[in-house]
Each structure stands twice: as structure tokens, then as C-alpha cells.
>>> print(open('final-v7.cif').read())   # mmCIF, C-alpha atoms
data_query
#
loop_
_atom_site.group_PDB
_atom_site.id
_atom_site.type_symbol
_atom_site.label_atom_id
_atom_site.label_comp_id
_atom_site.auth_asym_id
_atom_site.auth_seq_id
_atom_site.Cartn_x
_atom_site.Cartn_y
_atom_site.Cartn_z
ATOM 1 C CA MET A 1 29.551 -26.331 -15.908
ATOM 2 C CA ASN A 2 28.531 -23.760 -18.491
ATOM 3 C CA ALA A 3 28.734 -20.002 -18.098
ATOM 4 C CA SER A 4 25.176 -19.455 -16.801
ATOM 5 C CA ASP A 5 25.593 -22.236 -14.201
ATOM 6 C CA ALA A 6 28.773 -20.560 -12.991
ATOM 7 C CA ASP A 7 26.895 -17.261 -12.788
ATOM 8 C CA ALA A 8 24.151 -18.913 -10.733
ATOM 9 C CA VAL A 9 26.690 -20.357 -8.295
ATOM 10 C CA ARG A 10 28.438 -17.004 -7.986
ATOM 11 C CA GLY A 11 25.094 -15.321 -7.337
ATOM 12 C CA ARG A 12 24.249 -17.851 -4.634
ATOM 13 C CA ILE A 13 27.557 -17.396 -2.873
ATOM 14 C CA ALA A 14 27.258 -13.613 -3.103
ATOM 15 C CA GLY A 15 23.722 -13.845 -1.669
ATOM 16 C CA LEU A 16 24.980 -15.859 1.295
ATOM 17 C CA ALA A 17 27.873 -13.454 1.883
ATOM 18 C CA PHE A 18 25.560 -10.431 1.770
ATOM 19 C CA SER A 19 23.128 -12.159 4.123
ATOM 20 C CA LEU A 20 25.958 -12.834 6.582
ATOM 21 C CA GLY A 21 27.055 -9.202 6.260
ATOM 22 C CA ALA A 22 23.523 -7.923 6.855
ATOM 23 C CA GLY A 23 23.302 -10.036 10.014
ATOM 24 C CA PHE A 24 26.650 -8.672 11.151
ATOM 25 C CA VAL A 25 25.674 -5.028 10.609
ATOM 26 C CA PHE A 26 22.286 -5.638 12.235
ATOM 27 C CA GLY A 27 23.957 -7.223 15.269
ATOM 28 C CA THR A 28 26.487 -4.409 15.523
ATOM 29 C CA GLY A 29 23.604 -1.950 15.525
ATOM 30 C CA LEU A 30 21.994 -3.872 18.384
ATOM 31 C CA TRP A 31 25.186 -3.640 20.459
ATOM 32 C CA ILE A 32 25.918 0.029 19.690
ATOM 33 C CA SER A 33 22.346 1.090 20.401
ATOM 34 C CA GLY A 34 22.256 -0.776 23.723
ATOM 35 C CA MET A 35 19.398 -3.062 22.688
ATOM 36 C CA ALA A 36 21.599 -6.082 23.298
ATOM 37 C CA ASN A 37 21.501 -5.095 26.969
ATOM 38 C CA PRO A 38 18.233 -6.436 28.439
ATOM 39 C CA ARG A 39 18.445 -3.983 31.334
ATOM 40 C CA LYS A 40 18.410 -1.072 28.917
ATOM 41 C CA VAL A 41 15.390 -2.510 27.107
ATOM 42 C CA LEU A 42 13.598 -2.964 30.439
ATOM 43 C CA GLY A 43 14.554 0.604 31.337
ATOM 44 C CA PHE A 44 12.386 1.605 28.387
ATOM 45 C CA LEU A 45 9.539 -0.864 28.934
ATOM 46 C CA ASP A 46 9.241 -0.030 32.649
ATOM 47 C CA VAL A 47 7.827 3.460 32.283
ATOM 48 C CA THR A 48 7.332 3.821 36.037
ATOM 49 C CA GLY A 49 11.002 3.341 36.817
ATOM 50 C CA ASP A 50 13.946 5.542 35.856
ATOM 51 C CA TRP A 51 12.562 5.757 32.321
ATOM 52 C CA ASP A 52 15.035 5.541 29.450
ATOM 53 C CA PRO A 53 13.500 6.589 26.090
ATOM 54 C CA SER A 54 16.576 5.486 24.072
ATOM 55 C CA LEU A 55 14.756 2.544 22.497
ATOM 56 C CA MET A 56 12.345 4.909 20.769
ATOM 57 C CA LEU A 57 15.294 6.515 19.034
ATOM 58 C CA VAL A 58 16.686 3.118 18.044
ATOM 59 C CA MET A 59 13.397 2.288 16.343
ATOM 60 C CA GLY A 60 13.107 5.811 14.963
ATOM 61 C CA GLY A 61 16.600 5.717 13.482
ATOM 62 C CA ALA A 62 16.030 2.301 11.945
ATOM 63 C CA LEU A 63 12.621 3.297 10.632
ATOM 64 C CA ALA A 64 13.904 6.484 8.992
ATOM 65 C CA VAL A 65 16.478 4.490 7.030
ATOM 66 C CA VAL A 66 14.004 1.749 6.077
ATOM 67 C CA LEU A 67 11.234 4.148 5.021
ATOM 68 C CA PHE A 68 13.466 5.678 2.377
ATOM 69 C CA GLY A 69 15.722 2.688 1.701
ATOM 70 C CA TYR A 70 12.931 0.193 1.022
ATOM 71 C CA ARG A 71 11.276 2.614 -1.347
ATOM 72 C CA ALA A 72 14.503 3.080 -3.300
ATOM 73 C CA VAL A 73 15.218 -0.664 -3.427
ATOM 74 C CA LEU A 74 11.682 -1.627 -4.466
ATOM 75 C CA ARG A 75 11.909 0.647 -7.485
ATOM 76 C CA ARG A 76 14.199 -1.988 -8.980
ATOM 77 C CA ALA A 77 12.676 -4.943 -10.824
ATOM 78 C CA GLU A 78 14.471 -7.537 -8.695
ATOM 79 C CA PRO A 79 17.108 -7.866 -5.962
ATOM 80 C CA LEU A 80 20.792 -8.159 -6.834
ATOM 81 C CA PHE A 81 21.204 -11.865 -6.024
ATOM 82 C CA ALA A 82 17.689 -13.335 -6.108
ATOM 83 C CA LYS A 83 14.913 -13.664 -8.669
ATOM 84 C CA ARG A 84 12.291 -11.671 -6.772
ATOM 85 C CA PHE A 85 11.363 -9.754 -3.641
ATOM 86 C CA TYR A 86 9.731 -11.820 -0.894
ATOM 87 C CA LEU A 87 7.291 -9.380 0.691
ATOM 88 C CA PRO A 88 4.540 -10.367 3.140
ATOM 89 C CA ALA A 89 1.230 -10.160 1.308
ATOM 90 C CA ARG A 90 -1.164 -10.449 4.226
ATOM 91 C CA LYS A 91 -3.092 -7.392 5.323
ATOM 92 C CA GLU A 92 -5.745 -8.778 7.665
ATOM 93 C CA ILE A 93 -5.824 -7.812 11.326
ATOM 94 C CA ASP A 94 -6.739 -11.142 12.914
ATOM 95 C CA LEU A 95 -6.695 -12.848 16.284
ATOM 96 C CA PRO A 96 -3.361 -14.679 15.828
ATOM 97 C CA LEU A 97 -1.659 -11.375 14.991
ATOM 98 C CA VAL A 98 -2.929 -9.612 18.105
ATOM 99 C CA ALA A 99 -2.801 -12.556 20.524
ATOM 100 C CA GLY A 100 0.629 -13.627 19.288
ATOM 101 C CA SER A 101 1.993 -10.101 19.631
ATOM 102 C CA LEU A 102 0.556 -9.804 23.154
ATOM 103 C CA ILE A 103 2.188 -13.121 24.127
ATOM 104 C CA PHE A 104 5.496 -12.062 22.587
ATOM 105 C CA GLY A 105 5.298 -8.702 24.372
ATOM 106 C CA ALA A 106 4.723 -10.403 27.730
ATOM 107 C CA GLY A 107 7.891 -12.458 27.299
ATOM 108 C CA TRP A 108 9.804 -9.401 26.105
ATOM 109 C CA GLY A 109 8.731 -7.422 29.158
ATOM 110 C CA ILE A 110 9.766 -10.208 31.536
ATOM 111 C CA ALA A 111 13.301 -10.780 30.247
ATOM 112 C CA GLY A 112 14.079 -7.706 28.132
ATOM 113 C CA TYR A 113 15.074 -9.882 25.183
ATOM 114 C CA CYS A 114 13.412 -9.940 21.798
ATOM 115 C CA PRO A 115 14.769 -12.417 19.209
ATOM 116 C CA GLY A 116 17.582 -10.296 17.681
ATOM 117 C CA PRO A 117 19.249 -9.192 20.915
ATOM 118 C CA ALA A 118 18.870 -12.701 22.369
ATOM 119 C CA LEU A 119 20.648 -14.236 19.370
ATOM 120 C CA THR A 120 23.515 -11.773 19.326
ATOM 121 C CA ALA A 121 23.828 -12.125 23.120
ATOM 122 C CA LEU A 122 24.289 -15.853 22.521
ATOM 123 C CA SER A 123 27.868 -14.949 21.539
ATOM 124 C CA THR A 124 28.638 -14.358 25.232
ATOM 125 C CA LEU A 125 27.582 -17.946 26.027
ATOM 126 C CA SER A 126 25.992 -16.622 29.208
ATOM 127 C CA THR A 127 23.700 -19.118 30.922
ATOM 128 C CA GLU A 128 20.852 -16.661 30.542
ATOM 129 C CA SER A 129 21.213 -16.171 26.788
ATOM 130 C CA VAL A 130 21.584 -19.909 26.119
ATOM 131 C CA MET A 131 18.517 -20.747 28.225
ATOM 132 C CA PHE A 132 16.493 -17.985 26.594
ATOM 133 C CA VAL A 133 17.348 -18.942 23.007
ATOM 134 C CA LEU A 134 16.652 -22.643 23.608
ATOM 135 C CA ALA A 135 13.310 -21.763 25.206
ATOM 136 C CA MET A 136 12.541 -19.422 22.293
ATOM 137 C CA LEU A 137 13.176 -22.209 19.758
ATOM 138 C CA ALA A 138 11.038 -24.563 21.855
ATOM 139 C CA GLY A 139 8.229 -21.988 21.971
ATOM 140 C CA GLY A 140 8.283 -21.737 18.180
ATOM 141 C CA LEU A 141 8.123 -25.523 17.869
ATOM 142 C CA VAL A 142 5.205 -25.696 20.310
ATOM 143 C CA HIS A 143 3.314 -23.282 18.067
ATOM 144 C CA ARG A 144 4.189 -25.353 15.027
ATOM 145 C CA ILE A 145 2.690 -28.406 16.752
ATOM 146 C CA VAL A 146 -0.524 -26.794 17.982
ATOM 147 C CA SER A 147 -1.029 -24.792 14.779
ATOM 148 C CA PRO A 148 0.470 -26.848 11.960
ATOM 149 C CA GLU A 149 -1.068 -25.104 8.946
ATOM 150 C CA PRO A 150 1.438 -23.476 6.604
ATOM 151 C CA ARG A 151 1.802 -19.785 7.290
ATOM 152 C CA MET B 152 16.239 9.903 32.495
ATOM 153 C CA HIS B 153 19.975 9.832 33.246
ATOM 154 C CA ASN B 154 20.314 6.584 31.272
ATOM 155 C CA PHE B 155 19.184 8.267 28.044
ATOM 156 C CA THR B 156 21.762 7.705 25.268
ATOM 157 C CA PRO B 157 20.337 9.452 22.186
ATOM 158 C CA VAL B 158 23.453 9.421 19.986
ATOM 159 C CA SER B 159 24.321 5.725 20.286
ATOM 160 C CA ALA B 160 20.612 4.864 20.028
ATOM 161 C CA LEU B 161 20.193 6.750 16.750
ATOM 162 C CA LEU B 162 23.487 5.465 15.342
ATOM 163 C CA GLY B 163 22.753 1.841 16.265
ATOM 164 C CA GLY B 164 19.201 2.216 14.973
ATOM 165 C CA ALA B 165 20.452 3.567 11.663
ATOM 166 C CA LEU B 166 22.748 0.526 11.326
ATOM 167 C CA ILE B 167 19.786 -1.776 11.993
ATOM 168 C CA GLY B 168 17.842 0.041 9.277
ATOM 169 C CA LEU B 169 20.786 -0.110 6.902
ATOM 170 C CA ALA B 170 21.160 -3.875 7.415
ATOM 171 C CA SER B 171 17.436 -4.326 6.699
ATOM 172 C CA VAL B 172 17.626 -2.334 3.459
ATOM 173 C CA TRP B 173 20.798 -4.213 2.515
ATOM 174 C CA LEU B 174 19.133 -7.615 2.961
ATOM 175 C CA LEU B 175 16.171 -6.562 0.800
ATOM 176 C CA ALA B 176 18.445 -5.115 -1.887
ATOM 177 C CA ALA B 177 20.724 -8.172 -1.968
ATOM 178 C CA ILE B 178 18.346 -11.126 -1.717
ATOM 179 C CA GLY B 179 14.855 -9.620 -1.553
ATOM 180 C CA ARG B 180 14.165 -10.727 2.012
ATOM 181 C CA ILE B 181 12.613 -8.960 4.990
ATOM 182 C CA ALA B 182 14.959 -8.718 7.995
ATOM 183 C CA GLY B 183 12.462 -10.152 10.454
ATOM 184 C CA ILE B 184 14.597 -12.046 12.910
ATOM 185 C CA SER B 185 11.920 -14.240 14.478
ATOM 186 C CA THR B 186 10.701 -15.356 11.049
ATOM 187 C CA ILE B 187 14.286 -16.005 9.908
ATOM 188 C CA LEU B 188 14.919 -18.002 13.091
ATOM 189 C CA HIS B 189 11.736 -20.086 13.056
ATOM 190 C CA GLY B 190 12.187 -20.749 9.337
ATOM 191 C CA SER B 191 15.717 -22.006 9.900
ATOM 192 C CA VAL B 192 14.432 -24.892 12.036
ATOM 193 C CA GLY B 193 13.613 -27.924 9.898
ATOM 194 C CA LEU B 194 14.240 -28.994 6.314
ATOM 195 C CA PRO B 195 15.213 -27.928 3.767
ATOM 196 C CA VAL B 196 17.857 -25.718 5.357
ATOM 197 C CA GLU B 197 17.918 -22.338 3.644
ATOM 198 C CA GLY B 198 21.465 -21.025 3.609
ATOM 199 C CA TRP B 199 20.625 -17.317 3.724
ATOM 200 C CA ARG B 200 18.792 -17.740 7.028
ATOM 201 C CA VAL B 201 21.713 -19.538 8.645
ATOM 202 C CA ALA B 202 24.145 -16.972 7.207
ATOM 203 C CA PHE B 203 22.133 -14.044 8.607
ATOM 204 C CA LEU B 204 21.886 -15.634 12.063
ATOM 205 C CA ALA B 205 25.614 -16.426 11.991
ATOM 206 C CA GLY B 206 26.282 -12.770 11.186
ATOM 207 C CA LEU B 207 24.252 -11.721 14.226
ATOM 208 C CA VAL B 208 26.293 -13.976 16.517
ATOM 209 C CA LEU B 209 29.574 -12.912 14.860
ATOM 210 C CA ALA B 210 28.702 -9.289 15.610
ATOM 211 C CA GLY B 211 28.565 -10.190 19.300
ATOM 212 C CA LEU B 212 31.946 -11.936 19.073
ATOM 213 C CA ALA B 213 33.464 -8.910 17.323
ATOM 214 C CA TRP B 214 31.986 -6.663 19.996
ATOM 215 C CA GLN B 215 33.688 -8.758 22.692
ATOM 216 C CA ALA B 216 36.958 -8.849 20.747
ATOM 217 C CA ALA B 217 36.827 -5.041 20.663
ATOM 218 C CA GLY B 218 36.616 -5.090 24.450
ATOM 219 C CA ALA B 219 33.261 -3.328 24.641
ATOM 220 C CA PRO B 220 30.929 -3.828 27.631
ATOM 221 C CA LEU B 221 28.831 -7.016 27.589
ATOM 222 C CA HIS B 222 26.020 -6.276 30.032
ATOM 223 C CA LEU B 223 25.868 -9.764 31.506
ATOM 224 C CA ARG B 224 23.006 -10.168 33.917
ATOM 225 C CA THR B 225 22.436 -12.918 36.439
ATOM 226 C CA SER B 226 19.642 -11.444 38.546
ATOM 227 C CA LEU B 227 16.628 -12.781 36.640
ATOM 228 C CA PRO B 228 15.781 -16.252 38.022
ATOM 229 C CA GLY B 229 16.140 -19.160 35.567
ATOM 230 C CA PRO B 230 12.450 -20.149 35.501
ATOM 231 C CA TRP B 231 11.544 -16.600 34.446
ATOM 232 C CA VAL B 232 14.191 -16.667 31.711
ATOM 233 C CA ILE B 233 12.737 -19.916 30.353
ATOM 234 C CA ALA B 234 9.131 -18.737 30.636
ATOM 235 C CA ALA B 235 10.016 -15.517 28.807
ATOM 236 C CA GLY B 236 11.835 -17.430 26.052
ATOM 237 C CA LEU B 237 8.867 -19.752 25.542
ATOM 238 C CA LEU B 238 6.465 -16.789 25.324
ATOM 239 C CA VAL B 239 8.707 -14.925 22.871
ATOM 240 C CA GLY B 240 9.167 -18.000 20.658
ATOM 241 C CA PHE B 241 5.479 -18.940 20.663
ATOM 242 C CA GLY B 242 4.180 -15.384 20.342
ATOM 243 C CA THR B 243 6.457 -14.284 17.503
ATOM 244 C CA ARG B 244 5.485 -17.330 15.482
ATOM 245 C CA MET B 245 1.782 -16.884 16.176
ATOM 246 C CA GLY B 246 1.947 -13.150 15.454
ATOM 247 C CA SER B 247 4.253 -13.576 12.417
ATOM 248 C CA GLY B 248 6.969 -11.241 13.615
ATOM 249 C CA CYS B 249 8.847 -9.361 16.287
ATOM 250 C CA THR B 250 10.488 -6.011 16.925
ATOM 251 C CA SER B 251 12.508 -6.218 13.701
ATOM 252 C CA GLY B 252 9.973 -7.697 11.279
ATOM 253 C CA HIS B 253 6.928 -5.724 12.421
ATOM 254 C CA GLY B 254 8.639 -2.851 14.243
ATOM 255 C CA VAL B 255 11.239 -1.875 11.670
ATOM 256 C CA CYS B 256 10.476 -3.533 8.330
ATOM 257 C CA GLY B 257 6.670 -3.622 8.632
ATOM 258 C CA LEU B 258 6.311 -0.056 9.854
ATOM 259 C CA GLY B 259 8.842 0.944 7.200
ATOM 260 C CA ARG B 260 6.391 -0.422 4.598
ATOM 261 C CA LEU B 261 3.545 1.478 6.315
ATOM 262 C CA SER B 262 1.784 -1.812 7.104
ATOM 263 C CA VAL B 263 -1.295 -1.391 9.309
ATOM 264 C CA ARG B 264 -0.973 -5.047 10.304
ATOM 265 C CA SER B 265 2.494 -4.352 11.672
ATOM 266 C CA LEU B 266 1.312 -1.208 13.450
ATOM 267 C CA VAL B 267 -1.299 -3.276 15.306
ATOM 268 C CA ALA B 268 1.372 -5.858 16.179
ATOM 269 C CA VAL B 269 3.764 -3.178 17.475
ATOM 270 C CA ALA B 270 1.084 -1.522 19.617
ATOM 271 C CA SER B 271 0.180 -4.963 21.016
ATOM 272 C CA PHE B 272 3.691 -6.094 21.937
ATOM 273 C CA MET B 273 4.767 -2.676 23.225
ATOM 274 C CA GLY B 274 1.698 -2.486 25.456
ATOM 275 C CA ALA B 275 2.085 -6.057 26.700
ATOM 276 C CA GLY B 276 5.810 -5.519 27.235
ATOM 277 C CA MET B 277 5.228 -2.440 29.366
ATOM 278 C CA LEU B 278 2.563 -4.205 31.422
ATOM 279 C CA ALA B 279 4.728 -7.296 31.935
ATOM 280 C CA ALA B 280 7.808 -5.276 32.919
ATOM 281 C CA TYR B 281 5.719 -3.314 35.417
ATOM 282 C CA ALA B 282 4.024 -6.391 36.848
ATOM 283 C CA LEU B 283 7.222 -8.390 37.209
ATOM 284 C CA ARG B 284 9.188 -5.630 38.907
ATOM 285 C CA HIS B 285 6.624 -3.731 40.929
ATOM 286 C CA VAL B 286 3.840 -6.244 41.640
ATOM 287 C CA LEU B 287 5.707 -9.555 41.854
ATOM 288 C CA GLY B 288 8.935 -7.908 43.034
ATOM 289 C CA VAL B 289 11.212 -10.000 40.806
ATOM 290 C CA ALA B 290 14.587 -8.394 40.107
ATOM 291 C CA SER B 291 15.222 -8.082 36.383
#
>>> encode(input="final-v7.cif", output="C-alpha cells")
Amino acid sequence: MNASDADAVRGRIAGLAFSLGAGFVFGTGLWISGMANPRKVLGFLDVTGDWDPSLMLVMGGALAVVLFGYRAVLRRAEPLFAKRFYLPARKEIDLPLVAGSLIFGAGWGIAGYCPGPALTALSTLSTESVMFVLAMLAGGLVHRIVSPEPR
Amino acid sequence: MHNFTPVSALLGGALIGLASVWLLAAIGRIAGISTILHGSVGLPVEGWRVAFLAGLVLAGLAWQAAGAPLHLRTSLPGPWVIAAGLLVGFGTRMGSGCTSGHGVCGLGRLSVRSLVAVASFMGAGMLAAYALRHVLGVAS
């Protein structure tokens, strides 16, 4: 193994470690903010109940950091441990975007779980979180079958 | 509004934002959890996706180890849990994102596409939560 191969391997390992760390910090944020609690999420979505606006501040806090952080990061030519930035290029407002988001929202409003909180809740091994995550994976596969074109 | 927790909401939100910026800075990827999840199913396995998802689950384990409250719920009937999971899985794939990808990262890039997605899933979420609780009378 020459020096540049060793560098590549080190970069790959560092990338994996940073990805794991990002997931960990993200998950911790979900728990601290209360988003990992489906009842709290539903307390926001059900505006006719005892309304809890906390979720707006979760999104607001996250957004404030990302608005400035992304801008700072994207001033660099490339990321620390990858060759390029992988940014979504699509701009069109189309039917799959709107219909898919409506379908997702309906499921979110029923259970109070979106994908991140459901995955971090999986750590409790509660029947509910296991059932939800398996169903979520199945739902993704169903879409892959009915709409097989590469995204 | 006695459930309102502004400090923990802002703090947790800031951590979510920080993790998203961190992922972009380190490996150039958007922290969109549904896209990371759906992309991790099938071959070839991309290590960074699995690592990120493992980090999410580890955060929950650390939270439990710290003795913090877990918010376990058993009131929502199983068929509703499964129906909701199917809708979330199908919808996030069809709409190319969820609360994190569109709601945090997309809006953070001032994407109009993401703004439309967020308005759609927020609106549908509010309608569904209302209908389930107050029209169908299901405890959630």
C-alpha cells in the first residue's frame, strides 16, 4: 500500500466516523428537543387540542444553524473527507413531490413519527417503534416497486 | 400551551442543525433521514448511510443510559401504527424527503421545492392528527 492509498483509507474511515457522529448528535437533538416523543409531535400537529408550539422552535433552531452553516461550508471547494458535495439539483414542483409529501404528512399526523424520531426510538425496542420502522421500510420498497425509475 | 418547552426545543433544534452542517462539511451529504434510510436498503451498501443511522440509534441508547425519560406509548392501536409507517415510508420516497431533508436542509438552502414539500406535509399532518383524534376518536 503506497502513501496515497493509505491516505484514501484514512479518509474513508474518518468519513464513516464523522457520519456516525453526525447521526449521534442529530439523534441527541431529537431527544433533547422532545421530537422523539410522538405525543409531543402530535401536540403540535393537533392545533385544536392543548397546542404545543415547541416543534416550530425545533425547526427554527435547526434552520438558523443550517442557513449560516451550509453557506460557510459551501464556500469550500470540497468536503473534508469526500471528493465533492452531493446536493439535490432538482428544482421542479411536480406531482410526486406534492402527493408524496401529503401522503407522508398523513402518516406523520396519525402516529407522530417522522423517519428520524422513529429510528432513534428504535433504540427502546418498543413494539410500536419496531412495527413503525418495519412498515416504513416496507412502504419505501412498495414505492420502489410501483415507481422503479432511478430518482 | 402548558406543554411548551422553548429552551429544550431550541437547544435540540440547534443540535439537529449542527449535525446537518457537520455531515455536509465532513462528507458532502445532505442529512435527509428518509433518503439516507431508503438508500441504505439494497446493494451496494454505502457505509456512511449505515454509520449515520447507527449513530441515530446509539443516541437513543445513550439517552436511556443517562436515565432520561423515554416517552413510551402503547395507546395507538397496532393497525394504525403499521398504516402510518407504510404512509411515511411510501410518501417520503415519492416526495424525495421528510422533515429533516426538506424541512431543515432544504429550507436551509432556500429551496422552493422543499418549501412546497414542507407546507404539504405540515398541512396533511395537521389534518390527519385532527381527523384521527377528533373525528375517528382514536387515542394517539
>>> atom_distance(input="final-v7.cif", atom1="atom CA of B:His285", atom2="atom CA of B:His222")
22.4 Å
>>> residues_near_point(input="final-v7.cif", point="(20.7, 9.5, 24.3)", cutoff="10 Å", atoms="only C-alpha atoms", output="CSV table (one decimal) with C-alpha atoms, in the coordinates of the input")
chain,number,residue,atom,x,y,z
A,33,SER,CA,22.3,1.1,20.4
A,52,ASP,CA,15.0,5.5,29.4
A,53,PRO,CA,13.5,6.6,26.1
A,54,SER,CA,16.6,5.5,24.1
A,55,LEU,CA,14.8,2.5,22.5
A,57,LEU,CA,15.3,6.5,19.0
A,58,VAL,CA,16.7,3.1,18.0
B,152,MET,CA,16.2,9.9,32.5
B,153,HIS,CA,20.0,9.8,33.2
B,154,ASN,CA,20.3,6.6,31.3
B,155,PHE,CA,19.2,8.3,28.0
B,156,THR,CA,21.8,7.7,25.3
B,157,PRO,CA,20.3,9.5,22.2
B,158,VAL,CA,23.5,9.4,20.0
B,159,SER,CA,24.3,5.7,20.3
B,160,ALA,CA,20.6,4.9,20.0
B,161,LEU,CA,20.2,6.8,16.8
>>> interface_residues(input="final-v7.cif", of="chain B", to="chain A", cutoff="6 Å", atoms="all atoms listed in the file", output="PDB file with C-alpha atoms, in the frame of the given file")
ATOM      1  CA  MET B 152      16.239   9.903  32.495  1.00  0.00           C
ATOM      2  CA  ASN B 154      20.314   6.584  31.272  1.00  0.00           C
ATOM      3  CA  PHE B 155      19.184   8.267  28.044  1.00  0.00           C
ATOM      4  CA  THR B 156      21.762   7.705  25.268  1.00  0.00           C
ATOM      5  CA  PRO B 157      20.337   9.452  22.186  1.00  0.00           C
ATOM      6  CA  SER B 159      24.321   5.725  20.286  1.00  0.00           C
ATOM      7  CA  ALA B 160      20.612   4.864  20.028  1.00  0.00           C
ATOM      8  CA  LEU B 161      20.193   6.750  16.750  1.00  0.00           C
ATOM      9  CA  GLY B 163      22.753   1.841  16.265  1.00  0.00           C
ATOM     10  CA  GLY B 164      19.201   2.216  14.973  1.00  0.00           C
ATOM     11  CA  ALA B 165      20.452   3.567  11.663  1.00  0.00           C
ATOM     12  CA  LEU B 166      22.748   0.526  11.326  1.00  0.00           C
ATOM     13  CA  ILE B 167      19.786  -1.776  11.993  1.00  0.00           C
ATOM     14  CA  GLY B 168      17.842   0.041   9.277  1.00  0.00           C
ATOM     15  CA  ALA B 170      21.160  -3.875   7.415  1.00  0.00           C
ATOM     16  CA  VAL B 172      17.626  -2.334   3.459  1.00  0.00           C
ATOM     17  CA  LEU B 174      19.133  -7.615   2.961  1.00  0.00           C
ATOM     18  CA  ALA B 176      18.445  -5.115  -1.887  1.00  0.00           C
ATOM     19  CA  ALA B 177      20.724  -8.172  -1.968  1.00  0.00           C
ATOM     20  CA  ILE B 178      18.346 -11.126  -1.717  1.00  0.00           C
ATOM     21  CA  GLY B 179      14.855  -9.620  -1.553  1.00  0.00           C
ATOM     22  CA  ARG B 180      14.165 -10.727   2.012  1.00  0.00           C
ATOM     23  CA  ILE B 184      14.597 -12.046  12.910  1.00  0.00           C
ATOM     24  CA  SER B 185      11.920 -14.240  14.478  1.00  0.00           C
ATOM     25  CA  TRP B 199      20.625 -17.317   3.724  1.00  0.00           C
ATOM     26  CA  ALA B 202      24.145 -16.972   7.207  1.00  0.00           C
ATOM     27  CA  PHE B 203      22.133 -14.044   8.607  1.00  0.00           C
ATOM     28  CA  GLY B 206      26.282 -12.770  11.186  1.00  0.00           C
ATOM     29  CA  LEU B 207      24.252 -11.721  14.226  1.00  0.00           C
ATOM     30  CA  VAL B 208      26.293 -13.976  16.517  1.00  0.00           C
ATOM     31  CA  ALA B 210      28.702  -9.289  15.610  1.00  0.00           C
ATOM     32  CA  GLY B 211      28.565 -10.190  19.300  1.00  0.00           C
ATOM     33  CA  LEU B 212      31.946 -11.936  19.073  1.00  0.00           C
ATOM     34  CA  HIS B 222      26.020  -6.276  30.032  1.00  0.00           C
ATOM     35  CA  VAL B 232      14.191 -16.667  31.711  1.00  0.00           C
ATOM     36  CA  ILE B 233      12.737 -19.916  30.353  1.00  0.00           C
ATOM     37  CA  ALA B 235      10.016 -15.517  28.807  1.00  0.00           C
ATOM     38  CA  GLY B 236      11.835 -17.430  26.052  1.00  0.00           C
ATOM     39  CA  LEU B 237       8.867 -19.752  25.542  1.00  0.00           C
ATOM     40  CA  LEU B 238       6.465 -16.789  25.324  1.00  0.00           C
ATOM     41  CA  VAL B 239       8.707 -14.925  22.871  1.00  0.00           C
ATOM     42  CA  GLY B 240       9.167 -18.000  20.658  1.00  0.00           C
ATOM     43  CA  PHE B 241       5.479 -18.940  20.663  1.00  0.00           C
ATOM     44  CA  GLY B 242       4.180 -15.384  20.342  1.00  0.00           C
ATOM     45  CA  THR B 243       6.457 -14.284  17.503  1.00  0.00           C
ATOM     46  CA  ARG B 244       5.485 -17.330  15.482  1.00  0.00           C
ATOM     47  CA  MET B 245       1.782 -16.884  16.176  1.00  0.00           C
ATOM     48  CA  GLY B 246       1.947 -13.150  15.454  1.00  0.00           C
ATOM     49  CA  VAL B 255      11.239  -1.875  11.670  1.00  0.00           C
ATOM     50  CA  GLY B 259       8.842   0.944   7.200  1.00  0.00           C
ATOM     51  CA  ARG B 264      -0.973  -5.047  10.304  1.00  0.00           C
ATOM     52  CA  ALA B 268       1.372  -5.858  16.179  1.00  0.00           C
ATOM     53  CA  SER B 271       0.180  -4.963  21.016  1.00  0.00           C
ATOM     54  CA  PHE B 272       3.691  -6.094  21.937  1.00  0.00           C
ATOM     55  CA  ALA B 275       2.085  -6.057  26.700  1.00  0.00           C
ATOM     56  CA  GLY B 276       5.810  -5.519  27.235  1.00  0.00           C
ATOM     57  CA  MET B 277       5.228  -2.440  29.366  1.00  0.00           C
ATOM     58  CA  ALA B 279       4.728  -7.296  31.935  1.00  0.00           C
ATOM     59  CA  ALA B 280       7.808  -5.276  32.919  1.00  0.00           C
ATOM     60  CA  TYR B 281       5.719  -3.314  35.417  1.00  0.00           C
TER      61      TYR B 281
END
>>> atom_distance(input="final-v7.cif", atom1="atom CA of B:Arg260", atom2="atom CA of B:Leu188")
21.3 Å
>>> axis_aligned_box(input="final-v7.cif", around="stretch 20-24 of chain A", padding_each_side="4 Å", output="lines of an AutoDock Vina configuration file")
center_x = 25.2
center_y = -10.4
center_z = 8.7
size_x = 11.8
size_y = 12.9
size_z = 12.9
>>> residues_around(input="final-v7.cif", residues="B:Gly190", least_positions_apart="6", cutoff="9 Å", atoms="only C-alpha atoms", output="VMD selection string")
chain B and resid 196 to 197 200
>>> atom_distance(input="final-v7.cif", atom1="atom CA of B:Gln215", atom2="atom CA of B:Val201")
21.4 Å
>>> resolve_selection(input="final-v7.cif", expression="the PyMOL selection byres ((chain B and resi 254) around 9)", output="PDB file with C-alpha atoms, in the coordinates of the input")
ATOM      1  CA  MET A  59      13.397   2.288  16.343  1.00  0.00           C
ATOM      2  CA  LEU A  63      12.621   3.297  10.632  1.00  0.00           C
TER       3      LEU A  63
ATOM      4  CA  GLY B 248       6.969 -11.241  13.615  1.00  0.00           C
ATOM      5  CA  CYS B 249       8.847  -9.361  16.287  1.00  0.00           C
ATOM      6  CA  THR B 250      10.488  -6.011  16.925  1.00  0.00           C
ATOM      7  CA  SER B 251      12.508  -6.218  13.701  1.00  0.00           C
ATOM      8  CA  GLY B 252       9.973  -7.697  11.279  1.00  0.00           C
ATOM      9  CA  HIS B 253       6.928  -5.724  12.421  1.00  0.00           C
ATOM     10  CA  VAL B 255      11.239  -1.875  11.670  1.00  0.00           C
ATOM     11  CA  CYS B 256      10.476  -3.533   8.330  1.00  0.00           C
ATOM     12  CA  GLY B 257       6.670  -3.622   8.632  1.00  0.00           C
ATOM     13  CA  LEU B 258       6.311  -0.056   9.854  1.00  0.00           C
ATOM     14  CA  GLY B 259       8.842   0.944   7.200  1.00  0.00           C
ATOM     15  CA  SER B 265       2.494  -4.352  11.672  1.00  0.00           C
ATOM     16  CA  LEU B 266       1.312  -1.208  13.450  1.00  0.00           C
ATOM     17  CA  ALA B 268       1.372  -5.858  16.179  1.00  0.00           C
ATOM     18  CA  VAL B 269       3.764  -3.178  17.475  1.00  0.00           C
TER      19      VAL B 269
END
>>> build_atoms(input="final-v7.cif", residues="stretch 225-229 of chain B", atoms="N, CA and C atoms", output="CSV table (one decimal), in the frame of the given file")
chain,number,residue,atom,x,y,z
B,225,THR,N,22.7,-11.6,35.8
B,225,THR,CA,22.4,-12.9,36.4
B,225,THR,C,21.3,-12.8,37.4
B,226,SER,N,20.6,-11.6,37.5
B,226,SER,CA,19.6,-11.4,38.5
B,226,SER,C,18.3,-12.1,38.2
B,227,LEU,N,18.0,-12.2,37.0
B,227,LEU,CA,16.6,-12.8,36.6
B,227,LEU,C,16.6,-14.3,36.8
B,228,PRO,N,15.8,-14.8,37.7
B,228,PRO,CA,15.8,-16.3,38.0
B,228,PRO,C,15.5,-17.1,36.8
B,229,GLY,N,16.2,-18.3,36.7
B,229,GLY,CA,16.1,-19.2,35.6
B,229,GLY,C,14.7,-19.5,35.1
